[in-house]
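Next comes start35.txt, with compact mmCIF, C-alpha atoms.
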```txt
# COMPACT_ATOMS: atom_id res chain seq x y z
CA MET A 224 113.05 24.80 -66.68
CA ARG A 225 113.12 24.87 -62.87
CA ILE A 226 111.35 22.07 -61.04
CA LEU A 227 110.81 22.13 -57.29
CA PHE A 228 109.91 18.91 -55.48
CA ILE A 229 107.99 19.44 -52.25
CA ILE A 230 108.02 16.57 -49.77
CA ARG A 231 107.56 15.93 -46.08
CA ASP A 232 110.32 14.87 -43.72
CA PHE A 233 111.59 11.35 -44.34
CA ILE A 234 113.81 8.65 -42.91
CA VAL A 235 114.21 6.57 -46.06
CA GLU A 236 115.47 8.69 -48.94
CA PRO A 237 112.77 9.22 -51.61
CA LEU A 238 114.18 7.19 -54.49
CA GLY A 239 111.23 7.94 -56.76
CA ILE A 240 111.87 11.68 -56.68
CA MET A 241 115.61 11.10 -56.98
CA TYR A 242 115.03 9.13 -60.20
CA LEU A 243 112.88 11.96 -61.59
CA SER A 244 115.47 14.57 -60.70
CA ALA A 245 118.23 12.58 -62.39
CA ALA A 246 116.24 12.34 -65.62
CA LEU A 247 115.39 16.05 -65.57
CA LYS A 248 118.97 17.14 -64.91
CA ALA A 249 120.23 14.93 -67.73
CA ALA A 250 117.84 16.80 -70.04
CA GLY A 251 119.28 20.15 -68.97
CA HIS A 252 116.73 21.21 -66.37
CA GLN A 253 117.29 22.51 -62.83
CA THR A 254 115.78 20.77 -59.81
CA ASP A 255 115.56 21.45 -56.10
CA ILE A 256 113.72 20.01 -53.13
CA ILE A 257 112.24 21.22 -49.85
CA LYS A 258 110.60 19.63 -46.82
CA ALA A 259 107.20 21.21 -46.40
CA ASP A 260 106.74 20.51 -42.71
CA ILE A 261 110.20 21.82 -41.70
CA GLU A 262 111.41 24.53 -44.08
CA ASN A 263 110.00 27.87 -45.23
CA ILE A 264 108.10 26.93 -48.38
CA GLU A 265 107.05 30.40 -49.51
CA GLU A 266 110.55 31.79 -49.18
CA LYS A 267 111.92 28.89 -51.21
CA VAL A 268 109.34 29.27 -53.97
CA LYS A 269 110.01 33.02 -54.13
CA ASP A 270 113.79 32.53 -54.38
CA PHE A 271 113.81 29.51 -56.73
CA SER A 272 110.88 30.70 -58.90
CA PRO A 273 109.95 27.22 -60.15
CA ASP A 274 108.15 26.66 -63.43
CA ILE A 275 106.83 23.38 -62.04
CA ILE A 276 106.11 22.38 -58.47
CA ALA A 277 105.91 18.61 -58.18
CA TYR A 278 104.41 16.53 -55.40
CA SER A 279 104.73 12.75 -55.06
CA ILE A 280 101.83 11.73 -52.84
CA ILE A 281 100.34 8.64 -51.28
CA THR A 282 96.80 8.22 -50.04
CA GLY A 283 96.98 9.71 -46.60
CA ASP A 284 99.07 12.77 -47.34
CA HIS A 285 97.04 13.91 -50.35
CA THR A 286 94.87 16.34 -48.36
CA TYR A 287 97.94 17.96 -46.80
CA PHE A 288 99.66 18.56 -50.13
CA HIS A 289 96.47 19.67 -51.86
CA SER A 290 95.89 22.29 -49.18
CA LEU A 291 99.52 23.43 -49.38
CA ASN A 292 99.32 23.69 -53.16
CA LEU A 293 96.24 25.89 -52.98
CA LYS A 294 98.04 28.30 -50.65
CA LEU A 295 101.01 28.49 -53.00
CA LYS A 296 98.74 28.95 -56.03
CA ASP A 297 97.29 32.06 -54.39
CA LYS A 298 100.73 33.70 -54.31
CA PHE A 299 102.82 32.24 -57.12
CA ASN A 300 102.54 31.26 -60.77
CA PHE A 301 103.57 27.69 -61.54
CA ILE A 302 102.28 24.41 -62.94
CA ALA A 303 101.31 21.95 -60.20
CA VAL A 304 102.04 18.31 -61.01
CA PHE A 305 100.99 15.48 -58.71
CA GLY A 306 102.43 11.99 -59.08
CA GLY A 307 102.72 8.90 -56.92
CA SER A 308 100.29 6.19 -55.94
CA HIS A 309 97.31 8.39 -55.02
CA PRO A 310 96.79 10.14 -58.38
CA THR A 311 97.82 6.99 -60.22
CA PHE A 312 95.00 4.96 -58.70
CA PHE A 313 92.61 7.73 -57.69
CA ASN A 314 92.52 9.64 -60.97
CA GLU A 315 89.62 11.77 -59.74
CA PHE A 316 92.24 13.85 -57.96
CA ILE A 317 92.70 15.77 -61.22
CA ASN A 318 89.34 17.41 -60.53
CA GLU A 319 90.62 19.12 -57.39
CA ALA A 320 91.19 22.87 -57.54
CA GLY A 321 94.78 23.88 -58.21
CA VAL A 322 95.77 20.48 -59.63
CA ASP A 323 97.00 21.16 -63.17
CA ILE A 324 98.46 17.77 -64.08
CA ILE A 325 98.56 14.29 -62.62
CA SER A 326 101.17 11.75 -63.64
CA ILE A 327 100.15 8.10 -63.92
CA GLY A 328 102.62 5.31 -63.20
CA GLU A 329 106.34 5.56 -63.95
CA SER A 330 107.05 9.19 -64.72
CA GLU A 331 110.71 9.80 -65.58
CA GLN A 332 110.20 10.32 -69.31
CA ALA A 333 106.83 12.02 -68.89
CA PHE A 334 108.40 14.66 -66.64
CA VAL A 335 111.24 15.22 -69.09
CA ASP A 336 108.78 15.57 -71.97
CA LEU A 337 106.75 18.10 -69.98
CA ALA A 338 109.79 20.19 -69.03
CA ASN A 339 111.11 20.07 -72.60
CA ARG A 340 107.79 21.19 -74.09
CA LEU A 341 107.53 24.05 -71.62
CA ARG A 342 111.08 25.14 -72.41
CA GLU A 343 110.26 25.09 -76.11
CA HIS A 344 106.87 26.78 -75.61
CA LYS A 345 105.11 23.81 -77.20
CA ASP A 346 101.79 22.18 -76.43
CA PHE A 347 102.08 19.57 -73.66
CA THR A 348 98.52 18.27 -73.46
CA ASP A 349 99.25 15.04 -75.38
CA ILE A 350 102.15 13.72 -73.28
CA LEU A 351 101.77 10.05 -72.44
CA ASN A 352 101.25 9.24 -68.73
CA LEU A 353 99.87 12.72 -68.03
CA TRP A 354 96.29 13.84 -67.42
CA VAL A 355 96.15 17.56 -68.14
CA LYS A 356 93.62 20.30 -67.45
CA ASP A 357 93.21 22.46 -70.54
CA GLN A 358 90.67 25.29 -70.68
CA GLY A 359 88.19 23.51 -68.48
CA LYS A 360 88.66 20.11 -70.11
CA ILE A 361 90.64 17.14 -68.81
CA ILE A 362 92.80 15.38 -71.37
CA LYS A 363 93.43 11.79 -70.33
CA ASN A 364 96.51 10.44 -72.05
CA PRO A 365 97.33 6.70 -71.88
CA VAL A 366 100.54 5.41 -70.34
CA ARG A 367 103.56 4.79 -72.50
CA PRO A 368 105.29 1.39 -72.80
CA LEU A 369 107.38 0.47 -69.78
CA ALA A 370 110.97 1.60 -69.99
CA ASP A 371 114.00 -0.64 -70.28
CA ILE A 372 115.03 -0.65 -66.62
CA ASN A 373 118.73 -0.69 -67.49
CA SER A 374 118.38 2.53 -69.48
CA ILE A 375 117.05 4.49 -66.49
CA ILE A 376 119.55 6.98 -65.08
CA PHE A 377 120.76 6.31 -61.53
CA PRO A 378 118.95 8.29 -58.80
CA ASP A 379 120.10 11.86 -58.17
CA ARG A 380 121.47 11.43 -54.66
CA GLU A 381 123.05 14.87 -54.72
CA LEU A 382 119.53 16.32 -54.61
CA ILE A 383 119.13 14.92 -51.10
CA TYR A 384 122.63 14.54 -49.72
CA THR A 385 123.89 18.06 -50.45
CA LYS A 386 120.93 19.63 -48.67
CA TYR A 387 120.27 17.21 -45.84
CA PRO A 388 123.46 16.22 -43.98
CA LYS A 389 121.59 13.62 -41.92
CA SER A 390 120.79 11.69 -45.10
CA TYR A 391 124.32 12.13 -46.39
CA HIS A 392 125.83 10.72 -43.19
CA ASN A 393 123.25 7.96 -42.77
CA PRO A 394 125.34 4.76 -43.03
CA ILE A 395 122.37 2.95 -44.64
CA LYS A 396 121.58 3.81 -48.25
CA ASN A 397 118.67 2.46 -50.31
CA PHE A 398 118.62 0.74 -53.69
CA THR A 399 116.26 -1.20 -55.94
CA GLY A 400 117.07 -4.15 -58.17
CA VAL A 401 113.67 -4.70 -59.79
CA ARG A 402 110.57 -2.81 -60.78
CA GLY A 403 107.21 -4.51 -60.52
CA CYS A 404 105.93 -7.44 -58.49
CA PRO A 405 104.42 -10.65 -59.95
CA TYR A 406 102.05 -11.21 -57.02
CA ASN A 407 98.47 -10.04 -56.51
CA CYS A 408 98.05 -9.34 -52.79
CA SER A 409 94.62 -7.74 -52.48
CA TYR A 410 95.73 -4.92 -50.18
CA CYS A 411 98.56 -3.79 -52.46
CA TYR A 412 98.60 -1.62 -55.58
CA ASN A 413 100.63 -4.00 -57.73
CA HIS A 414 97.63 -5.74 -59.26
CA CYS A 415 96.16 -2.34 -60.15
CA LEU A 416 99.40 -1.11 -61.70
CA ARG A 417 99.73 -4.27 -63.73
CA GLU A 418 96.28 -3.61 -65.22
CA ILE A 419 97.25 -0.03 -66.11
CA TYR A 420 100.30 -1.35 -67.96
CA GLN A 421 98.58 -4.26 -69.66
CA ASP A 422 100.12 -4.80 -73.12
CA LYS A 423 102.71 -2.10 -72.37
CA GLY A 424 105.71 -4.36 -71.94
CA GLN A 425 107.21 -6.66 -69.33
CA TYR A 426 105.82 -5.52 -65.97
CA VAL A 427 108.43 -7.19 -63.72
CA ARG A 428 111.85 -5.97 -64.88
CA PHE A 429 115.17 -6.96 -63.36
CA ARG A 430 118.16 -4.70 -63.52
CA ALA A 431 121.24 -6.34 -64.92
CA VAL A 432 123.47 -7.28 -62.01
CA ASP A 433 126.32 -5.24 -63.49
CA ASN A 434 124.03 -2.20 -63.72
CA LEU A 435 123.01 -2.48 -60.07
CA ILE A 436 126.57 -3.12 -58.92
CA GLU A 437 127.78 -0.07 -60.82
CA GLU A 438 125.30 2.19 -59.02
CA ILE A 439 126.27 0.75 -55.64
CA ARG A 440 129.97 1.13 -56.45
CA LYS A 441 129.50 4.82 -57.32
CA VAL A 442 127.59 5.48 -54.10
CA LYS A 443 130.17 3.59 -52.04
CA ASN A 444 133.01 5.62 -53.53
CA LYS A 445 131.31 8.98 -53.01
CA TYR A 446 129.17 8.83 -49.85
CA PRO A 447 129.30 7.30 -46.36
CA LEU A 448 128.00 3.74 -46.75
CA LYS A 449 128.15 0.85 -44.30
CA MET A 450 124.97 -1.04 -45.13
CA LEU A 451 122.48 -1.28 -47.98
CA PHE A 452 118.72 -1.74 -47.87
CA PHE A 453 117.08 -3.13 -51.01
CA GLN A 454 113.57 -1.70 -51.23
CA ASP A 455 112.33 -4.38 -53.66
CA ASP A 456 109.09 -6.01 -52.55
CA THR A 457 110.88 -9.33 -53.00
CA PHE A 458 114.63 -9.37 -53.55
CA GLY A 459 116.19 -11.81 -55.99
CA LEU A 460 113.00 -13.25 -57.45
CA GLN A 461 115.04 -15.17 -60.02
CA THR A 462 117.55 -17.66 -58.61
CA ASP A 463 119.98 -17.31 -61.51
CA TRP A 464 119.98 -13.52 -61.04
CA LEU A 465 120.61 -14.00 -57.31
CA GLU A 466 123.49 -16.39 -58.03
CA GLU A 467 125.20 -13.82 -60.26
CA PHE A 468 124.50 -11.06 -57.76
CA ALA A 469 125.93 -13.03 -54.83
CA GLN A 470 129.19 -13.65 -56.66
CA LYS A 471 129.74 -10.13 -57.96
CA TYR A 472 128.42 -8.25 -54.93
CA LYS A 473 130.71 -10.13 -52.55
CA LYS A 474 133.72 -9.49 -54.76
CA LEU A 475 133.07 -5.87 -55.72
CA ILE A 476 131.05 -4.36 -52.85
CA ASN A 477 131.35 -6.62 -49.80
CA LEU A 478 129.03 -4.68 -47.47
CA PRO A 479 126.15 -6.06 -45.37
CA PHE A 480 122.65 -5.54 -46.72
CA HIS A 481 119.03 -6.07 -45.70
CA CYS A 482 116.24 -7.19 -48.05
CA ASN A 483 112.62 -8.32 -48.23
CA GLU A 484 111.61 -11.89 -49.11
CA ARG A 485 108.36 -13.81 -49.59
CA VAL A 486 108.08 -16.76 -47.24
CA ASP A 487 107.19 -19.20 -50.02
CA LEU A 488 110.39 -18.29 -51.88
CA VAL A 489 112.67 -18.79 -48.89
CA ASN A 490 114.50 -22.09 -49.28
CA GLU A 491 117.94 -23.40 -48.43
CA LYS A 492 119.47 -22.30 -51.73
CA VAL A 493 118.07 -18.75 -51.56
CA VAL A 494 119.18 -18.30 -47.96
CA SER A 495 122.61 -19.73 -48.80
CA LEU A 496 123.01 -17.26 -51.68
CA LEU A 497 121.92 -14.34 -49.52
CA LYS A 498 124.39 -15.35 -46.84
CA GLU A 499 127.16 -15.80 -49.42
CA ALA A 500 126.52 -12.32 -50.81
CA GLY A 501 126.78 -10.73 -47.36
CA CYS A 502 123.15 -10.34 -46.36
CA SER A 503 122.80 -9.55 -42.67
CA GLY A 504 119.03 -9.47 -42.30
CA VAL A 505 115.75 -10.34 -43.99
CA SER A 506 112.21 -9.02 -43.63
CA ILE A 507 109.21 -11.25 -44.32
CA ALA A 508 105.51 -10.38 -44.32
CA ILE A 509 103.34 -12.83 -42.39
CA GLU A 510 100.45 -10.33 -42.18
CA THR A 511 98.17 -12.72 -40.27
CA ALA A 512 98.37 -16.14 -38.65
CA ASP A 513 94.96 -17.15 -39.99
CA ASP A 514 95.20 -19.15 -43.22
CA ASP A 515 91.78 -18.09 -44.53
CA LEU A 516 92.42 -14.41 -43.94
CA ARG A 517 95.90 -14.60 -45.40
CA ASN A 518 94.94 -16.54 -48.50
CA GLN A 519 91.26 -15.84 -49.18
CA ILE A 520 91.13 -12.20 -48.13
CA LEU A 521 94.72 -10.96 -48.57
CA GLU A 522 95.42 -13.38 -51.47
CA LYS A 523 99.00 -14.02 -50.37
CA HIS A 524 98.75 -17.77 -50.99
CA THR A 525 101.29 -18.79 -48.38
CA THR A 526 101.03 -21.44 -45.68
CA ARG A 527 101.85 -21.51 -42.00
CA GLU A 528 104.42 -24.20 -42.75
CA GLN A 529 106.14 -21.89 -45.22
CA ILE A 530 106.19 -19.14 -42.60
CA THR A 531 107.79 -21.31 -39.93
CA GLN A 532 110.23 -22.82 -42.42
CA ALA A 533 111.33 -19.37 -43.61
CA ASP A 534 111.77 -18.33 -39.99
CA ARG A 535 113.88 -21.40 -39.25
CA LEU A 536 116.10 -21.15 -42.35
CA ILE A 537 116.77 -17.44 -41.94
CA LYS A 538 117.77 -17.79 -38.31
CA GLN A 539 119.81 -20.94 -38.92
CA ALA A 540 121.87 -18.95 -41.40
CA GLY A 541 122.60 -16.39 -38.71
CA LEU A 542 120.58 -13.65 -40.41
CA LYS A 543 118.49 -11.20 -38.44
CA LEU A 544 114.75 -11.44 -38.97
CA ARG A 545 112.07 -8.78 -39.12
CA ILE A 546 108.42 -9.77 -39.48
CA TYR A 547 105.67 -7.54 -40.85
CA ASN A 548 102.08 -8.08 -39.70
CA MET A 549 98.70 -6.47 -40.33
CA LEU A 550 95.89 -5.98 -37.81
CA GLY A 551 92.28 -4.94 -38.34
CA ILE A 552 91.83 -6.89 -41.58
CA PRO A 553 88.29 -6.93 -43.05
CA GLN A 554 86.45 -10.09 -41.93
CA GLY A 555 89.11 -10.59 -39.26
CA SER A 556 88.71 -10.15 -35.52
CA LEU A 557 90.61 -9.28 -32.37
CA HIS A 558 91.02 -13.03 -31.83
CA HIS A 559 92.76 -13.33 -35.21
CA ASP A 560 95.08 -10.46 -34.29
CA PHE A 561 96.09 -12.15 -31.05
CA GLU A 562 96.76 -15.36 -32.97
CA THR A 563 99.09 -13.33 -35.19
CA LEU A 564 100.84 -12.05 -32.09
CA LYS A 565 101.22 -15.63 -30.83
CA LEU A 566 102.72 -16.75 -34.15
CA ASN A 567 105.29 -13.95 -33.94
CA ILE A 568 106.17 -15.00 -30.41
CA LEU A 569 106.65 -18.54 -31.71
CA CYS A 570 108.94 -17.32 -34.49
CA LYS A 571 111.00 -15.11 -32.15
CA PRO A 572 112.06 -12.48 -34.69
CA ASP A 573 114.57 -9.78 -33.89
CA LEU A 574 111.75 -7.36 -34.65
CA GLY A 575 108.07 -8.13 -35.11
CA TRP A 576 105.86 -5.16 -35.84
CA ALA A 577 102.28 -4.67 -36.93
CA THR A 578 100.51 -2.10 -39.06
CA ILE A 579 96.78 -1.39 -39.15
CA TYR A 580 95.03 -2.18 -42.41
CA GLN A 581 94.13 0.82 -44.58
CA PRO A 582 91.60 0.58 -47.45
CA TYR A 583 93.59 2.23 -50.21
CA PRO A 584 91.59 3.30 -53.28
CA LYS A 585 91.06 0.87 -56.16
CA THR A 586 92.71 -2.08 -54.40
CA LYS A 587 90.71 -5.31 -54.24
CA LEU A 588 90.57 -5.27 -50.47
CA GLY A 589 89.69 -1.58 -50.35
CA ASP A 590 86.72 -2.25 -52.63
CA LEU A 591 85.71 -5.24 -50.49
CA ALA A 592 85.75 -3.10 -47.33
CA ILE A 593 83.33 -0.70 -49.01
CA ARG A 594 81.03 -3.50 -50.21
CA LEU A 595 80.95 -4.99 -46.72
CA GLY A 596 79.91 -1.65 -45.27
CA LEU A 597 83.10 -1.38 -43.22
CA TYR A 598 84.17 1.80 -44.94
CA ASP A 599 82.36 4.69 -46.61
CA GLY A 600 84.97 5.30 -49.30
CA ASP A 601 86.04 8.71 -47.97
CA TYR A 602 89.78 8.51 -48.56
CA ASP A 603 90.30 11.94 -47.09
CA ARG A 604 89.89 10.31 -43.69
CA ILE A 605 93.03 8.23 -44.20
CA LEU A 606 96.05 9.97 -42.72
CA GLU A 607 99.68 9.51 -43.74
CA THR A 608 100.46 7.73 -40.47
CA SER A 609 97.17 5.82 -40.23
CA TYR A 610 98.70 2.39 -40.71
CA PHE A 611 100.68 3.01 -37.52
CA GLY A 612 97.82 4.86 -35.86
CA GLU A 613 94.23 3.75 -36.15
CA SER A 614 91.80 1.83 -38.30
CA PRO A 615 89.39 3.84 -40.46
CA LEU A 616 87.07 0.82 -40.69
CA ASN A 617 83.87 0.21 -38.78
CA ILE A 618 85.10 -2.99 -37.14
CA PRO A 619 84.37 -4.61 -33.78
CA ASP A 620 86.87 -3.88 -30.99
CA LYS A 621 88.33 -1.03 -33.00
CA ASN A 622 90.03 0.72 -30.08
CA LYS A 623 91.40 -2.57 -28.81
CA VAL A 624 92.90 -3.30 -32.22
CA ASN A 625 94.45 0.18 -32.32
CA ASN A 626 95.95 -0.36 -28.86
CA LEU A 627 97.21 -3.84 -29.68
CA GLN A 628 99.13 -2.45 -32.64
CA LYS A 629 101.02 -0.13 -30.26
CA LEU A 630 101.84 -2.94 -27.81
CA PHE A 631 102.50 -5.63 -30.41
CA THR A 632 106.25 -5.18 -30.86
CA LEU A 633 107.01 -5.00 -27.15
CA THR A 634 104.92 -8.11 -26.45
CA VAL A 635 106.72 -10.07 -29.17
CA SER A 636 109.99 -9.21 -27.46
CA PHE A 637 108.68 -10.03 -23.97
CA PRO A 638 105.98 -12.73 -24.26
CA PHE A 639 105.40 -12.73 -20.49
CA LEU A 640 103.61 -9.40 -21.06
CA MET A 641 100.76 -11.12 -22.94
CA PRO A 642 98.34 -11.19 -19.95
CA LEU A 643 99.06 -7.52 -19.25
CA THR A 644 98.63 -6.64 -22.94
CA LYS A 645 95.17 -8.23 -22.92
CA ILE A 646 94.24 -5.94 -20.04
CA LEU A 647 95.86 -2.76 -21.34
CA ILE A 648 94.12 -2.83 -24.72
CA ASN A 649 90.84 -2.15 -22.90
CA LEU A 650 92.04 1.34 -21.99
CA PRO A 651 91.26 4.31 -24.24
CA PRO A 652 93.89 4.89 -26.94
CA ASN A 653 96.56 7.15 -25.50
CA ILE A 654 99.86 8.87 -26.15
CA LEU A 655 101.79 6.57 -23.81
CA PHE A 656 101.07 3.52 -25.96
CA LYS A 657 102.25 5.44 -29.02
CA LYS A 658 105.48 6.40 -27.30
CA ILE A 659 106.07 2.81 -26.18
CA TYR A 660 105.61 1.63 -29.75
CA SER A 661 107.88 4.28 -31.29
CA PHE A 662 110.63 3.84 -28.70
CA TRP A 663 110.81 0.06 -28.85
CA LYS A 664 110.49 -0.21 -32.62
CA GLU A 665 113.27 2.35 -33.11
CA ARG A 666 115.52 0.58 -30.62
CA LEU A 667 115.05 -2.81 -32.30
CA ASN A 668 115.55 -1.33 -35.75
CA LYS A 669 118.92 0.05 -34.65
CA LYS A 670 119.89 -3.39 -33.37
CA MET A 671 118.77 -4.91 -36.67
CA TYR A 672 121.17 -2.65 -38.57
CA ASN A 673 123.90 -2.54 -35.92
CA ILE A 674 123.77 1.27 -35.69
```
Starting from the file, lay out its structure as structure tokens.
Amino acid sequence: MRILFIIRDFIVEPLGIMYLSAALKAAGHQTDIIKADIENIEEKVKDFSPDIIAYSIITGDHTYFHSLNLKLKDKFNFIAVFGGSHPTFFNEFINEAGVDIISIGESEQAFVDLANRLREHKDFTDILNLWVKDQGKIIKNPVRPLADINSIIFPDRELIYTKYPKSYHNPIKNFTGVRGCPYNCSYCYNHCLREIYQDKGQYVRFRAVDNLIEEIRKVKNKYPLKMLFFQDDTFGLQTDWLEEFAQKYKKLINLPFHCNERVDLVNEKVVSLLKEAGCSGVSIAIETADDDLRNQILEKHTTREQITQADRLIKQAGLKLRIYNMLGIPQGSLHHDFETLKLNILCKPDLGWATIYQPYPKTKLGDLAIRLGLYDGDYDRILETSYFGESPLNIPDKNKVNNLQKLFTLTVSFPFLMPLTKILINLPPNILFKKIYSFWKERLNKKMYNI
């Protein structure tokens, strides 16, 4: 079977699709990929003649890909499969015209089963993890037990690197060491995914250190690689795992890497192990300076003391620090957002940026925003770039919040701009603020990674 993945342009290589492609190729199928907003889609579909066209979508780009799929359906014959967070948590997407199948949760084996059944001309309506349209009916299959993470085939990097030289030559490559997150932040999908997989196996699964090192070693030997970025929500959740990783990574790989950490898990031992392994930078998510918002609304359950301690320990170890923040939080205010800015200035990170809260479907905070009357539940109004663009909520000072997000990073770097920032946010949202944000964030990111 021939499977074509259609994506949009990216900076960070799409590991999810690369995992799917690896599993499909191992089962004897042919895969290819194309960037919808850059390349000629119709010409590619005509030449490749895919049996399946697959889209991995998030809330925000779902309308774009649905519209594209309808156009392709008018001209070509294929099965359209949609996976990713949007169909996983917004199952109603299966009702949309032209959507043949949605894939729920982790999909490597489900995709292989589908391709195998099609190749063998067998019925595929009962495949676990898939919701399938069949003669006007929708068959809703449950998810299968979670896979042994160490049995999953390494991502198919050839899919990306042979076609996109920029990704091949990018000195930073991405990896994951764990699947799942044990925390229940209300704005995130993890608590929803955990419910979907209830009684289906261990949700948080760590790769064996040797398994992870082997993947990194293969990439290092085959592709340009000067730095690694671990995409895990929190890297090295288990101290004993981190101890083994630090020892083996330093000996066998010995390249700088960047990772994400929770502030309440950052202590002297963790930082020491990261430093020993060769870590060059850490990202932490403060989200907001206000304790009530952070703990009662976002359910992060972290303290200001933990934030400042993590900041101090990371910088004392000589590691670069990036801080994530969130503006426009339900039940928050412009005052709260400025307090978050002030906390970032106090911490003095190498890069402090802010996103704008988006009410993603089926998350606790998304449901709260609807109950509070801040949002009408129309997820089609969320755009792919909304969290760096504008708030979809009916909140006070909305335009000011949108402007502050654009000026946040620059003001963290140059605190003397605070009085000017308070004046500038009163202007209408404009392209200049967006350019300032993009330019300065990109410049600081390059400094973070020494590229």
- Task: Kindly indicate which residue among A:Glu491, A:Glu437, A:Asp534, A:Asp599 lies nearest to Thr462 in chain A, using all atoms listed in the file for the distances.
- Result: A:Glu491
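Straight-line separation from CA of Cys482 in chain A to CA of Val505 in chain A: 5.2 Å.
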- Message: Under the rule that all atoms listed in the file are counted, which of A:Ile234, A:Val624, A:Val304, A:Ile375 is the nearest residue to Phe611 in chain A?
- Response: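 Checking each candidate against Phe611 in chain A, we get A:Val624 as the closest.
In terms of minimum interatomic distance to Asp455 in chain A, A:Gly400 ranks closest within A:Gly400, A:Pro642, A:Gly551, A:Gly251, counting all atoms listed in the file.
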- Task: Take CA of Lys658 in chain A and CA of Lys629 in chain A and report the distance between them in Å, one decimal.
- Result: 8.4 Å
- Message: For a test of reading the model, state the distance in Å between CA of Ile264 in chain A and CA of Lys296 in chain A, rounded to one decimal.
- Response: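 Atom-to-atom, CA of Ile264 in chain A to CA of Lys296 in chain A, that is 12.3 Å.
Restricting the calculation to only C-alpha atoms, the smallest distance between Ile568 in chain A and any of A:Met224, A:Ile546, A:Leu643, A:Leu488 is found for A:Ile546.
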- Query: Looking at A:Asp232, A:Glu438, A:Asp433, A:Glu343, which one is nearest to Ile257 in chain A, with distances taken over all atoms listed in the file?
  - Reply: A:Asp232
Kindly compute an axis-aligned box around the listed atoms of range 320-327 of chain A, allowing 3 Å on each side, and express its centre and edge lengths in Å to one decimal as lines of an AutoDock Vina configuration file.
```
center_x = 96.2
center_y = 16.0
center_z = -60.8
size_x = 16.0
size_y = 21.8
size_z = 12.5
```
Test item: residues at most 9 Å from range 359-363 of chain A, all atoms listed in the file, excluding those fewer than 5 positions along its chain, as a PDB file with C-alpha atoms, in the coordinates of the input:
```
ATOM      1  CA  ILE A 317      92.700  15.770 -61.220  1.00  0.00           C
ATOM      2  CA  ASN A 318      89.340  17.410 -60.530  1.00  0.00           C
ATOM      3  CA  THR A 348      98.520  18.270 -73.460  1.00  0.00           C
ATOM      4  CA  ASP A 349      99.250  15.040 -75.380  1.00  0.00           C
ATOM      5  CA  LEU A 351     101.770  10.050 -72.440  1.00  0.00           C
ATOM      6  CA  ASN A 352     101.250   9.240 -68.730  1.00  0.00           C
ATOM      7  CA  LEU A 353      99.870  12.720 -68.030  1.00  0.00           C
ATOM      8  CA  TRP A 354      96.290  13.840 -67.420  1.00  0.00           C
TER       9      TRP A 354
END
```
Range 400-438 of chain A near range 465-474 of chain A within 10 Å: what's each residue's closest atom pair and its distance in Å to one decimal, counting all atoms listed in the file, ordered by chain then ascending residue number, as CSV?
```
residue,atom,partner,partner_atom,distance
A:Ala431,CA,A:Phe468,CA,9.2
A:Val432,CA,A:Phe468,CA,5.8
A:Asp433,CA,A:Lys471,CA,8.1
A:Leu435,CA,A:Phe468,CA,9.0
A:Ile436,CA,A:Tyr472,CA,6.8
```
Within 10 Å of range 366-371 of chain A, counting only C-alpha atoms, which residues show up once you throw out same-chain ones fewer than 5 positions away? Write them as an mmCIF file with C-alpha atoms, in the frame of the given file, please.
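Wrote out-v2.cif, looks like this:
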```cif
data_model
loop_
_atom_site.group_PDB
_atom_site.id
_atom_site.type_symbol
_atom_site.label_atom_id
_atom_site.label_comp_id
_atom_site.auth_asym_id
_atom_site.auth_seq_id
_atom_site.Cartn_x
_atom_site.Cartn_y
_atom_site.Cartn_z
ATOM 1 C CA SER A 326 101.170 11.750 -63.640
ATOM 2 C CA ILE A 327 100.150 8.100 -63.920
ATOM 3 C CA GLY A 328 102.620 5.310 -63.200
ATOM 4 C CA GLU A 329 106.340 5.560 -63.950
ATOM 5 C CA SER A 330 107.050 9.190 -64.720
ATOM 6 C CA GLU A 331 110.710 9.800 -65.580
ATOM 7 C CA GLN A 332 110.200 10.320 -69.310
ATOM 8 C CA ALA A 333 106.830 12.020 -68.890
ATOM 9 C CA ILE A 350 102.150 13.720 -73.280
ATOM 10 C CA LEU A 351 101.770 10.050 -72.440
ATOM 11 C CA ASN A 352 101.250 9.240 -68.730
ATOM 12 C CA LEU A 353 99.870 12.720 -68.030
ATOM 13 C CA TRP A 354 96.290 13.840 -67.420
ATOM 14 C CA ILE A 419 97.250 -0.030 -66.110
ATOM 15 C CA TYR A 420 100.300 -1.350 -67.960
ATOM 16 C CA GLN A 421 98.580 -4.260 -69.660
ATOM 17 C CA ASP A 422 100.120 -4.800 -73.120
ATOM 18 C CA LYS A 423 102.710 -2.100 -72.370
ATOM 19 C CA GLY A 424 105.710 -4.360 -71.940
ATOM 20 C CA GLN A 425 107.210 -6.660 -69.330
ATOM 21 C CA TYR A 426 105.820 -5.520 -65.970
ATOM 22 C CA VAL A 427 108.430 -7.190 -63.720
ATOM 23 C CA ARG A 428 111.850 -5.970 -64.880
ATOM 24 C CA PHE A 429 115.170 -6.960 -63.360
ATOM 25 C CA ARG A 430 118.160 -4.700 -63.520
#
```
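Using all atoms listed in the file, the smallest distance between any of A:Ala338, A:Ala249, A:Ile281, A:Leu647 and Arg225 in chain A comes from A:Ala338.
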- Task: Extract, using all atoms listed in the file, all DNA, RNA and protein residues at most 12 Å from Lys492 in chain A, discarding same-chain residues fewer than 2 positions from it, and format them as a ChimeraX atom specification.
- Result: /A:459,461-463,465-466,469,488-490,494-499,533,536-537,540
- Within 12 Å of Phe453 in chain A, counting all atoms listed in the file, which residues show up once you throw out same-chain ones fewer than 4 positions away? Write them as a PyMOL selection string, please. chain A and resi 235+238+395-402+435+439+457-459+479-484+502-506
